[in-house]
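Reproduced below: start.pdb, with PDB, C-alpha atoms.
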ATOM      1  CA  MET A   1      57.410   0.847  -3.467  1.00  0.00           C
ATOM      2  CA  PRO A   2      54.610  -1.779  -3.535  1.00  0.00           C
ATOM      3  CA  ARG A   3      52.337  -2.032  -0.555  1.00  0.00           C
ATOM      4  CA  PRO A   4      53.118  -5.095   1.649  1.00  0.00           C
ATOM      5  CA  VAL A   5      50.631  -7.933   1.440  1.00  0.00           C
ATOM      6  CA  ASN A   6      48.273  -8.153   4.406  1.00  0.00           C
ATOM      7  CA  ALA A   7      49.063 -11.699   5.598  1.00  0.00           C
ATOM      8  CA  GLU A   8      45.907 -11.914   7.709  1.00  0.00           C
ATOM      9  CA  ARG A   9      43.673 -10.951   4.774  1.00  0.00           C
ATOM     10  CA  ARG A  10      45.539 -13.367   2.478  1.00  0.00           C
ATOM     11  CA  SER A  11      45.040 -16.181   4.980  1.00  0.00           C
ATOM     12  CA  GLU A  12      41.333 -15.405   5.290  1.00  0.00           C
ATOM     13  CA  LEU A  13      40.921 -15.319   1.498  1.00  0.00           C
ATOM     14  CA  LEU A  14      42.727 -18.652   1.219  1.00  0.00           C
ATOM     15  CA  LYS A  15      40.356 -20.241   3.757  1.00  0.00           C
ATOM     16  CA  GLN A  16      37.385 -18.940   1.786  1.00  0.00           C
ATOM     17  CA  VAL A  17      38.857 -20.216  -1.489  1.00  0.00           C
ATOM     18  CA  VAL A  18      39.411 -23.667   0.018  1.00  0.00           C
ATOM     19  CA  GLN A  19      35.817 -23.780   1.284  1.00  0.00           C
ATOM     20  CA  GLN A  20      34.487 -22.635  -2.079  1.00  0.00           C
ATOM     21  CA  LEU A  21      36.541 -25.223  -3.968  1.00  0.00           C
ATOM     22  CA  GLN A  22      35.271 -27.919  -1.620  1.00  0.00           C
ATOM     23  CA  HIS A  23      31.747 -26.789  -2.395  1.00  0.00           C
ATOM     24  CA  ASP A  24      32.006 -26.103  -6.153  1.00  0.00           C
ATOM     25  CA  GLY A  25      34.977 -28.217  -7.183  1.00  0.00           C
ATOM     26  CA  LEU A  26      37.819 -27.128  -9.387  1.00  0.00           C
ATOM     27  CA  ALA A  27      36.944 -28.534 -12.801  1.00  0.00           C
ATOM     28  CA  GLN A  28      35.510 -25.224 -13.972  1.00  0.00           C
ATOM     29  CA  MET A  29      37.445 -23.004 -11.560  1.00  0.00           C
ATOM     30  CA  SER A  30      37.609 -19.479 -12.915  1.00  0.00           C
ATOM     31  CA  LEU A  31      38.869 -16.536 -10.901  1.00  0.00           C
ATOM     32  CA  SER A  32      35.996 -14.112 -11.527  1.00  0.00           C
ATOM     33  CA  PRO A  33      33.160 -16.413 -10.372  1.00  0.00           C
ATOM     34  CA  LEU A  34      35.328 -17.713  -7.518  1.00  0.00           C
ATOM     35  CA  ALA A  35      36.067 -14.168  -6.373  1.00  0.00           C
ATOM     36  CA  GLU A  36      32.407 -13.208  -6.578  1.00  0.00           C
ATOM     37  CA  ALA A  37      31.390 -16.283  -4.564  1.00  0.00           C
ATOM     38  CA  ILE A  38      33.722 -15.327  -1.709  1.00  0.00           C
ATOM     39  CA  GLY A  39      32.878 -11.633  -1.770  1.00  0.00           C
ATOM     40  CA  THR A  40      35.926 -10.154  -3.457  1.00  0.00           C
ATOM     41  CA  ASN A  41      37.100  -9.592  -7.007  1.00  0.00           C
ATOM     42  CA  LYS A  42      39.524 -11.180  -9.459  1.00  0.00           C
ATOM     43  CA  ARG A  43      41.996  -8.306  -9.065  1.00  0.00           C
ATOM     44  CA  MET A  44      42.305  -8.973  -5.316  1.00  0.00           C
ATOM     45  CA  LEU A  45      42.850 -12.702  -5.834  1.00  0.00           C
ATOM     46  CA  LEU A  46      45.607 -11.910  -8.332  1.00  0.00           C
ATOM     47  CA  TYR A  47      47.098  -9.354  -5.941  1.00  0.00           C
ATOM     48  CA  TYR A  48      47.279 -11.866  -3.094  1.00  0.00           C
ATOM     49  CA  PHE A  49      48.130 -15.034  -5.067  1.00  0.00           C
ATOM     50  CA  GLY A  50      49.666 -13.897  -8.355  1.00  0.00           C
ATOM     51  CA  SER A  51      47.891 -16.336 -10.672  1.00  0.00           C
ATOM     52  CA  ARG A  52      45.123 -18.896 -10.871  1.00  0.00           C
ATOM     53  CA  GLU A  53      47.733 -21.673 -10.779  1.00  0.00           C
ATOM     54  CA  ASN A  54      49.431 -20.294  -7.668  1.00  0.00           C
ATOM     55  CA  LEU A  55      46.073 -19.865  -5.967  1.00  0.00           C
ATOM     56  CA  LEU A  56      45.246 -23.490  -6.726  1.00  0.00           C
ATOM     57  CA  VAL A  57      48.628 -24.655  -5.389  1.00  0.00           C
ATOM     58  CA  GLN A  58      48.155 -22.638  -2.210  1.00  0.00           C
ATOM     59  CA  ALA A  59      44.595 -23.929  -1.726  1.00  0.00           C
ATOM     60  CA  LEU A  60      45.704 -27.547  -2.130  1.00  0.00           C
ATOM     61  CA  ASN A  61      48.641 -27.050   0.225  1.00  0.00           C
ATOM     62  CA  ALA A  62      46.345 -25.523   2.831  1.00  0.00           C
ATOM     63  CA  SER A  63      43.760 -28.291   2.660  1.00  0.00           C
ATOM     64  CA  ARG A  64      45.613 -31.587   2.532  1.00  0.00           C
ATOM     65  CA  PRO A  65      46.450 -33.826   5.483  1.00  0.00           C
ATOM     66  CA  ASP A  66      49.825 -33.163   7.078  1.00  0.00           C
ATOM     67  CA  ALA A  67      51.498 -36.505   6.434  1.00  0.00           C
ATOM     68  CA  HIS A  68      54.627 -35.410   8.292  1.00  0.00           C
ATOM     69  CA  ALA A  69      52.622 -34.716  11.440  1.00  0.00           C
ATOM     70  CA  MET A  70      50.883 -38.090  11.124  1.00  0.00           C
ATOM     71  CA  PHE A  71      53.889 -40.266  10.229  1.00  0.00           C
ATOM     72  CA  ASP A  72      57.071 -38.582  11.548  1.00  0.00           C
ATOM     73  CA  ASP A  73      56.703 -40.215  14.985  1.00  0.00           C
ATOM     74  CA  VAL A  74      56.185 -43.731  13.620  1.00  0.00           C
ATOM     75  CA  HIS A  75      58.656 -46.087  15.297  1.00  0.00           C
ATOM     76  CA  ASP A  76      57.014 -49.520  15.062  1.00  0.00           C
ATOM     77  CA  THR A  77      54.238 -51.328  13.189  1.00  0.00           C
ATOM     78  CA  THR A  78      51.665 -50.419  15.839  1.00  0.00           C
ATOM     79  CA  SER A  79      52.315 -46.695  15.483  1.00  0.00           C
ATOM     80  CA  MET A  80      52.372 -47.109  11.682  1.00  0.00           C
ATOM     81  CA  ARG A  81      48.908 -48.695  11.760  1.00  0.00           C
ATOM     82  CA  LYS A  82      47.646 -45.931  14.054  1.00  0.00           C
ATOM     83  CA  ALA A  83      49.043 -43.247  11.741  1.00  0.00           C
ATOM     84  CA  ALA A  84      47.463 -44.876   8.680  1.00  0.00           C
ATOM     85  CA  GLN A  85      44.146 -45.169  10.533  1.00  0.00           C
ATOM     86  CA  SER A  86      44.406 -41.477  11.451  1.00  0.00           C
ATOM     87  CA  LEU A  87      44.915 -40.673   7.773  1.00  0.00           C
ATOM     88  CA  TRP A  88      41.824 -42.702   6.855  1.00  0.00           C
ATOM     89  CA  GLU A  89      39.759 -40.923   9.498  1.00  0.00           C
ATOM     90  CA  ALA A  90      41.048 -37.505   8.400  1.00  0.00           C
ATOM     91  CA  ILE A  91      39.990 -38.032   4.787  1.00  0.00           C
ATOM     92  CA  THR A  92      36.632 -39.630   5.529  1.00  0.00           C
ATOM     93  CA  VAL A  93      35.175 -37.998   8.635  1.00  0.00           C
ATOM     94  CA  GLY A  94      37.791 -35.520   9.828  1.00  0.00           C
ATOM     95  CA  GLU A  95      39.057 -32.152   8.804  1.00  0.00           C
ATOM     96  CA  GLN A  96      40.187 -33.309   5.347  1.00  0.00           C
ATOM     97  CA  SER A  97      36.908 -34.975   4.378  1.00  0.00           C
ATOM     98  CA  GLY A  98      35.914 -31.947   2.292  1.00  0.00           C
ATOM     99  CA  ALA A  99      39.357 -31.422   0.833  1.00  0.00           C
ATOM    100  CA  ILE A 100      39.600 -35.005  -0.441  1.00  0.00           C
ATOM    101  CA  ARG A 101      36.901 -34.226  -2.999  1.00  0.00           C
ATOM    102  CA  VAL A 102      39.101 -31.501  -4.470  1.00  0.00           C
ATOM    103  CA  LEU A 103      42.096 -33.844  -4.494  1.00  0.00           C
ATOM    104  CA  LEU A 104      40.121 -36.543  -6.292  1.00  0.00           C
ATOM    105  CA  GLN A 105      39.020 -33.982  -8.871  1.00  0.00           C
ATOM    106  CA  LEU A 106      42.608 -32.819  -9.332  1.00  0.00           C
ATOM    107  CA  LEU A 107      43.793 -36.372  -9.951  1.00  0.00           C
ATOM    108  CA  SER A 108      41.018 -36.935 -12.500  1.00  0.00           C
ATOM    109  CA  LEU A 109      41.814 -33.672 -14.255  1.00  0.00           C
ATOM    110  CA  ALA A 110      45.500 -34.608 -14.364  1.00  0.00           C
ATOM    111  CA  ALA A 111      44.626 -37.840 -16.150  1.00  0.00           C
ATOM    112  CA  THR A 112      42.684 -35.982 -18.847  1.00  0.00           C
ATOM    113  CA  ASP A 113      44.642 -32.700 -18.939  1.00  0.00           C
ATOM    114  CA  PRO A 114      48.178 -33.572 -17.838  1.00  0.00           C
ATOM    115  CA  GLU A 115      49.680 -30.421 -19.289  1.00  0.00           C
ATOM    116  CA  GLN A 116      47.667 -28.177 -16.986  1.00  0.00           C
ATOM    117  CA  TYR A 117      47.262 -30.391 -13.914  1.00  0.00           C
ATOM    118  CA  GLY A 118      49.857 -33.178 -14.161  1.00  0.00           C
ATOM    119  CA  ASN A 119      52.722 -31.617 -12.215  1.00  0.00           C
ATOM    120  CA  LEU A 120      50.453 -30.300  -9.491  1.00  0.00           C
ATOM    121  CA  ALA A 121      48.787 -33.696  -9.101  1.00  0.00           C
ATOM    122  CA  ALA A 122      52.131 -35.517  -9.056  1.00  0.00           C
ATOM    123  CA  ASP A 123      53.450 -33.135  -6.390  1.00  0.00           C
ATOM    124  CA  THR A 124      50.282 -33.634  -4.354  1.00  0.00           C
ATOM    125  CA  VAL A 125      50.753 -37.412  -4.435  1.00  0.00           C
ATOM    126  CA  GLU A 126      54.451 -37.158  -3.537  1.00  0.00           C
ATOM    127  CA  VAL A 127      53.709 -34.924  -0.541  1.00  0.00           C
ATOM    128  CA  MET A 128      51.832 -37.879   0.938  1.00  0.00           C
ATOM    129  CA  ILE A 129      54.070 -40.730  -0.218  1.00  0.00           C
ATOM    130  CA  GLY A 130      57.364 -39.163   0.933  1.00  0.00           C
ATOM    131  CA  PRO A 131      56.684 -39.011   4.690  1.00  0.00           C
ATOM    132  CA  ILE A 132      54.980 -42.413   4.724  1.00  0.00           C
ATOM    133  CA  ALA A 133      57.867 -44.002   2.819  1.00  0.00           C
ATOM    134  CA  ALA A 134      60.275 -42.411   5.321  1.00  0.00           C
ATOM    135  CA  ALA A 135      58.302 -44.051   8.139  1.00  0.00           C
ATOM    136  CA  TYR A 136      58.577 -47.433   6.424  1.00  0.00           C
ATOM    137  CA  THR A 137      62.315 -46.886   5.992  1.00  0.00           C
ATOM    138  CA  ARG A 138      62.650 -46.210   9.731  1.00  0.00           C
ATOM    139  CA  LEU A 139      60.925 -49.565  10.277  1.00  0.00           C
ATOM    140  CA  GLY A 140      63.682 -51.268   8.293  1.00  0.00           C
ATOM    141  CA  HIS A 141      62.126 -51.521   4.827  1.00  0.00           C
ATOM    142  CA  PRO A 142      64.465 -50.972   1.869  1.00  0.00           C
ATOM    143  CA  ALA A 143      63.772 -47.678   0.045  1.00  0.00           C
ATOM    144  CA  GLU A 144      62.033 -49.248  -2.962  1.00  0.00           C
ATOM    145  CA  GLN A 145      59.787 -51.412  -0.761  1.00  0.00           C
ATOM    146  CA  ALA A 146      59.063 -48.421   1.467  1.00  0.00           C
ATOM    147  CA  ARG A 147      57.854 -46.321  -1.478  1.00  0.00           C
ATOM    148  CA  ALA A 148      55.740 -49.208  -2.789  1.00  0.00           C
ATOM    149  CA  ALA A 149      54.146 -49.721   0.629  1.00  0.00           C
ATOM    150  CA  ALA A 150      53.529 -45.980   1.018  1.00  0.00           C
ATOM    151  CA  THR A 151      51.914 -45.959  -2.422  1.00  0.00           C
ATOM    152  CA  LEU A 152      49.676 -48.848  -1.369  1.00  0.00           C
ATOM    153  CA  ILE A 153      48.543 -46.906   1.709  1.00  0.00           C
ATOM    154  CA  VAL A 154      48.029 -43.570  -0.081  1.00  0.00           C
ATOM    155  CA  SER A 155      46.439 -44.862  -3.272  1.00  0.00           C
ATOM    156  CA  GLY A 156      44.493 -47.609  -1.515  1.00  0.00           C
ATOM    157  CA  LEU A 157      42.942 -45.307   1.063  1.00  0.00           C
ATOM    158  CA  ARG A 158      42.257 -42.643  -1.551  1.00  0.00           C
ATOM    159  CA  GLY A 159      40.499 -45.222  -3.756  1.00  0.00           C
ATOM    160  CA  LEU A 160      38.439 -46.463  -0.837  1.00  0.00           C
ATOM    161  CA  CYS A 161      37.531 -42.888   0.018  1.00  0.00           C
ATOM    162  CA  GLN A 162      36.338 -42.343  -3.545  1.00  0.00           C
ATOM    163  CA  ASP A 163      34.312 -45.562  -3.336  1.00  0.00           C
ATOM    164  CA  ARG A 164      32.751 -44.308  -0.097  1.00  0.00           C
ATOM    165  CA  LEU A 165      31.888 -40.927  -1.620  1.00  0.00           C
ATOM    166  CA  VAL A 166      30.253 -42.611  -4.611  1.00  0.00           C
ATOM    167  CA  THR A 167      28.425 -45.449  -2.843  1.00  0.00           C
ATOM    168  CA  GLY A 168      27.920 -44.097   0.666  1.00  0.00           C
ATOM    169  CA  ASP A 169      28.843 -47.542   2.030  1.00  0.00           C
ATOM    170  CA  VAL A 170      30.615 -46.624   5.256  1.00  0.00           C
ATOM    171  CA  ALA A 171      30.758 -50.087   6.845  1.00  0.00           C
ATOM    172  CA  ARG A 172      32.246 -51.813   3.793  1.00  0.00           C
ATOM    173  CA  THR A 173      34.835 -49.105   3.100  1.00  0.00           C
ATOM    174  CA  ASP A 174      35.836 -48.881   6.771  1.00  0.00           C
ATOM    175  CA  ALA A 175      36.314 -52.673   6.838  1.00  0.00           C
ATOM    176  CA  ALA A 176      38.328 -52.535   3.623  1.00  0.00           C
ATOM    177  CA  ALA A 177      40.484 -49.698   4.998  1.00  0.00           C
ATOM    178  CA  ARG A 178      41.218 -51.678   8.166  1.00  0.00           C
ATOM    179  CA  ARG A 179      42.217 -54.680   6.071  1.00  0.00           C
ATOM    180  CA  LEU A 180      44.339 -52.582   3.718  1.00  0.00           C
ATOM    181  CA  ILE A 181      46.158 -51.004   6.653  1.00  0.00           C
ATOM    182  CA  THR A 182      46.741 -54.355   8.359  1.00  0.00           C
ATOM    183  CA  ASP A 183      48.021 -55.940   5.155  1.00  0.00           C
ATOM    184  CA  ALA A 184      50.138 -52.942   4.132  1.00  0.00           C
ATOM    185  CA  VAL A 185      51.847 -52.559   7.498  1.00  0.00           C
ATOM    186  CA  ALA A 186      53.990 -55.621   7.780  1.00  0.00           C
ATOM    187  CA  GLU A 187      57.320 -56.216   9.421  1.00  0.00           C
ATOM    188  CA  ALA A 188      60.366 -55.581   7.230  1.00  0.00           C
ATOM    189  CA  THR A 189      61.630 -58.722   5.572  1.00  0.00           C
TER     190      THR A 189
END

Take the structure I supplied and represent it as structure tokens, if you would.
Amino acid sequence: MPRPVNAERRSELLKQVVQQLQHDGLAQMSLSPLAEAIGTNKRMLLYYFGSRENLLVQALNASRPDAHAMFDDVHDTTSMRKAAQSLWEAITVGEQSGAIRVLLQLLSLAATDPEQYGNLAADTVEVMIGPIAAAYTRLGHPAEQARAAATLIVSGLRGLCQDRLVTGDVARTDAAARRLITDAVAEAT
């Protein structure tokens, strides 16, 4: 009978993997160097996560903003704007500001290597769009409009975050994010 997985150790390894990916990126992610960097070995990573792909999925799941927590309580345009602003703050100065770099890398890799990264990137985008679209639907937007508006928020803020990472222009990107949020959060027509 196989030994049960130590959930505490797995959780700790996952935290270390997330931190290492935020530091080194994932473009050249290989299990042996990753394991060495976090003080373990490839065999242990495979034991706890099964494969490189599963480890990557788990690391992305553990490091992205919780869109449900941010948008599930949206009940009017004011709370929608506040939730979108919270998302912007999370990816630029909050707990997800390191993780966004990994997400941006994943999206770039998916564009150039869709076979390896495409499904994972698409799932990562949908995890954000789904809860935001649901919030728009609760505000009275038809489903298609809700998904388009959610896409505007997610892709717009992500693009502005990338701009900010590249240029370092905090004031301009913050102003653009405020405008994007104001324009994207309109009453249902």

Could you give me, as a list in words, the residues within 12 Å of Met29 in chain A, counting only C-alpha atoms and dropping anything in the same chain fewer than 3 positions from it?
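Close residues of Met29 in chain A: Val17, Val18, Gln20, Leu21, Gln22, His23, Asp24, Gly25, Leu26, Ser32, Pro33, Leu34, Ala35, Ala37, Arg52, Glu53, Leu55, Leu56, Val102, Gln105, Leu106 and Leu109 of chain A.
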
Residue nearest Ala62 in chain A - candidates A:Thr112, A:Gln16, A:Ser79, A:Ser30, atoms counted: only C-alpha atoms
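Among A:Thr112, A:Gln16, A:Ser79, A:Ser30, it is A:Gln16 that comes nearest to Ala62 in chain A.
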
Calculated over all atoms listed in the file, which of the candidates A:Val74, A:Gln85, A:Asn119, A:Ser51 has the smallest distance to Ala175 in chain A?
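So, comparing all the options, the nearest one is A:Gln85.
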
Around range 115-118 of chain A, with edges along x, y and z and 6 Å added on all six sides, what centre and edge lengths do you get, in Å to one decimal, as AutoDock Vina command-line options?
--center_x 48.6 --center_y -30.7 --center_z -16.6 --size_x 14.6 --size_y 17.0 --size_z 17.4

Could you tell me which residues the PyMOL selection byres ((chain A and resi 63-68) around 8) returns for this structure, as an mmCIF file with C-alpha atoms, in the coordinates of the input?
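Wrote part37.cif, looks like this:
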data_model
loop_
_atom_site.group_PDB
_atom_site.id
_atom_site.type_symbol
_atom_site.label_atom_id
_atom_site.label_comp_id
_atom_site.auth_asym_id
_atom_site.auth_seq_id
_atom_site.Cartn_x
_atom_site.Cartn_y
_atom_site.Cartn_z
ATOM 1 C CA VAL A 18 39.411 -23.667 0.018
ATOM 2 C CA ALA A 59 44.595 -23.929 -1.726
ATOM 3 C CA LEU A 60 45.704 -27.547 -2.130
ATOM 4 C CA ASN A 61 48.641 -27.050 0.225
ATOM 5 C CA ALA A 62 46.345 -25.523 2.831
ATOM 6 C CA ALA A 69 52.622 -34.716 11.440
ATOM 7 C CA MET A 70 50.883 -38.090 11.124
ATOM 8 C CA PHE A 71 53.889 -40.266 10.229
ATOM 9 C CA ASP A 72 57.071 -38.582 11.548
ATOM 10 C CA LEU A 87 44.915 -40.673 7.773
ATOM 11 C CA ALA A 90 41.048 -37.505 8.400
ATOM 12 C CA ILE A 91 39.990 -38.032 4.787
ATOM 13 C CA GLN A 96 40.187 -33.309 5.347
ATOM 14 C CA ALA A 99 39.357 -31.422 0.833
ATOM 15 C CA ILE A 100 39.600 -35.005 -0.441
ATOM 16 C CA VAL A 127 53.709 -34.924 -0.541
ATOM 17 C CA MET A 128 51.832 -37.879 0.938
ATOM 18 C CA PRO A 131 56.684 -39.011 4.690
ATOM 19 C CA ILE A 132 54.980 -42.413 4.724
#

In terms of the shortest atom-to-atom distance over only C-alpha atoms, which of A:Leu120, A:Ala134, A:Leu104, A:Val5 is closest to Val166 in chain A?
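The answer is A:Leu104, which sits nearest to Val166 in chain A.
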
Just give me the residues with any atom within 12 Å of (52.6, -52.3, 3.3), file coordinates, counting only C-alpha atoms, written as a PDB file with C-alpha atoms, in the coordinates of the input.
ATOM      1  CA  THR A  77      54.238 -51.328  13.189  1.00  0.00           C
ATOM      2  CA  MET A  80      52.372 -47.109  11.682  1.00  0.00           C
ATOM      3  CA  ARG A  81      48.908 -48.695  11.760  1.00  0.00           C
ATOM      4  CA  ALA A  84      47.463 -44.876   8.680  1.00  0.00           C
ATOM      5  CA  ILE A 132      54.980 -42.413   4.724  1.00  0.00           C
ATOM      6  CA  ALA A 133      57.867 -44.002   2.819  1.00  0.00           C
ATOM      7  CA  ALA A 135      58.302 -44.051   8.139  1.00  0.00           C
ATOM      8  CA  TYR A 136      58.577 -47.433   6.424  1.00  0.00           C
ATOM      9  CA  THR A 137      62.315 -46.886   5.992  1.00  0.00           C
ATOM     10  CA  LEU A 139      60.925 -49.565  10.277  1.00  0.00           C
ATOM     11  CA  HIS A 141      62.126 -51.521   4.827  1.00  0.00           C
ATOM     12  CA  GLU A 144      62.033 -49.248  -2.962  1.00  0.00           C
ATOM     13  CA  GLN A 145      59.787 -51.412  -0.761  1.00  0.00           C
ATOM     14  CA  ALA A 146      59.063 -48.421   1.467  1.00  0.00           C
ATOM     15  CA  ARG A 147      57.854 -46.321  -1.478  1.00  0.00           C
ATOM     16  CA  ALA A 148      55.740 -49.208  -2.789  1.00  0.00           C
ATOM     17  CA  ALA A 149      54.146 -49.721   0.629  1.00  0.00           C
ATOM     18  CA  ALA A 150      53.529 -45.980   1.018  1.00  0.00           C
ATOM     19  CA  THR A 151      51.914 -45.959  -2.422  1.00  0.00           C
ATOM     20  CA  LEU A 152      49.676 -48.848  -1.369  1.00  0.00           C
ATOM     21  CA  ILE A 153      48.543 -46.906   1.709  1.00  0.00           C
ATOM     22  CA  VAL A 154      48.029 -43.570  -0.081  1.00  0.00           C
ATOM     23  CA  SER A 155      46.439 -44.862  -3.272  1.00  0.00           C
ATOM     24  CA  GLY A 156      44.493 -47.609  -1.515  1.00  0.00           C
ATOM     25  CA  ARG A 179      42.217 -54.680   6.071  1.00  0.00           C
ATOM     26  CA  LEU A 180      44.339 -52.582   3.718  1.00  0.00           C
ATOM     27  CA  ILE A 181      46.158 -51.004   6.653  1.00  0.00           C
ATOM     28  CA  THR A 182      46.741 -54.355   8.359  1.00  0.00           C
ATOM     29  CA  ASP A 183      48.021 -55.940   5.155  1.00  0.00           C
ATOM     30  CA  ALA A 184      50.138 -52.942   4.132  1.00  0.00           C
ATOM     31  CA  VAL A 185      51.847 -52.559   7.498  1.00  0.00           C
ATOM     32  CA  ALA A 186      53.990 -55.621   7.780  1.00  0.00           C
ATOM     33  CA  GLU A 187      57.320 -56.216   9.421  1.00  0.00           C
ATOM     34  CA  ALA A 188      60.366 -55.581   7.230  1.00  0.00           C
ATOM     35  CA  THR A 189      61.630 -58.722   5.572  1.00  0.00           C
TER      36      THR A 189
END

One number please: CA of Leu157 in chain A to CA of Ser108 in chain A, in Å, one decimal.
16.1 Å

Just how far from CA of Gly159 in chain A is CA of Ala176 in chain A, in Å to one decimal?
10.6 Å

Å distance separating CA of Gln19 in chain A from CA of Ala171 in chain A, one decimal place
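Here the two named atoms are 27.4 Å from each other.
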
Can you translate the PyMOL selection byres ((chain A and resi 13) around 10) into the concrete residues it hits in this file, as a PyMOL selection string?
chain A and resi 7-12+14-19+35+38-40+44-45+48-49+59

Take the residues from that selection and write them out as a PDB file, in the frame of the given file, keeping C-alpha atoms.
ATOM      1  CA  ALA A   7      49.063 -11.699   5.598  1.00  0.00           C
ATOM      2  CA  GLU A   8      45.907 -11.914   7.709  1.00  0.00           C
ATOM      3  CA  ARG A   9      43.673 -10.951   4.774  1.00  0.00           C
ATOM      4  CA  ARG A  10      45.539 -13.367   2.478  1.00  0.00           C
ATOM      5  CA  SER A  11      45.040 -16.181   4.980  1.00  0.00           C
ATOM      6  CA  GLU A  12      41.333 -15.405   5.290  1.00  0.00           C
ATOM      7  CA  LEU A  14      42.727 -18.652   1.219  1.00  0.00           C
ATOM      8  CA  LYS A  15      40.356 -20.241   3.757  1.00  0.00           C
ATOM      9  CA  GLN A  16      37.385 -18.940   1.786  1.00  0.00           C
ATOM     10  CA  VAL A  17      38.857 -20.216  -1.489  1.00  0.00           C
ATOM     11  CA  VAL A  18      39.411 -23.667   0.018  1.00  0.00           C
ATOM     12  CA  GLN A  19      35.817 -23.780   1.284  1.00  0.00           C
ATOM     13  CA  ALA A  35      36.067 -14.168  -6.373  1.00  0.00           C
ATOM     14  CA  ILE A  38      33.722 -15.327  -1.709  1.00  0.00           C
ATOM     15  CA  GLY A  39      32.878 -11.633  -1.770  1.00  0.00           C
ATOM     16  CA  THR A  40      35.926 -10.154  -3.457  1.00  0.00           C
ATOM     17  CA  MET A  44      42.305  -8.973  -5.316  1.00  0.00           C
ATOM     18  CA  LEU A  45      42.850 -12.702  -5.834  1.00  0.00           C
ATOM     19  CA  TYR A  48      47.279 -11.866  -3.094  1.00  0.00           C
ATOM     20  CA  PHE A  49      48.130 -15.034  -5.067  1.00  0.00           C
ATOM     21  CA  ALA A  59      44.595 -23.929  -1.726  1.00  0.00           C
TER      22      ALA A  59
END

Name the closest residue to Leu160 in chain A among the candidates A:Glu89, A:Glu115, A:Asp73, A:Asp174; distances are taken between atoms, counting all atoms listed in the file.
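Of A:Glu89, A:Glu115, A:Asp73, A:Asp174, the one nearest Leu160 in chain A is A:Asp174, counting all atoms listed in the file.
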
Restricting the calculation to all atoms listed in the file, which member of A:Arg178, A:Ala143, A:Thr167, A:Leu107 is positioned closest to Ala121 in chain A?
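Ranked by minimum distance to Ala121 in chain A, first place goes to A:Leu107.
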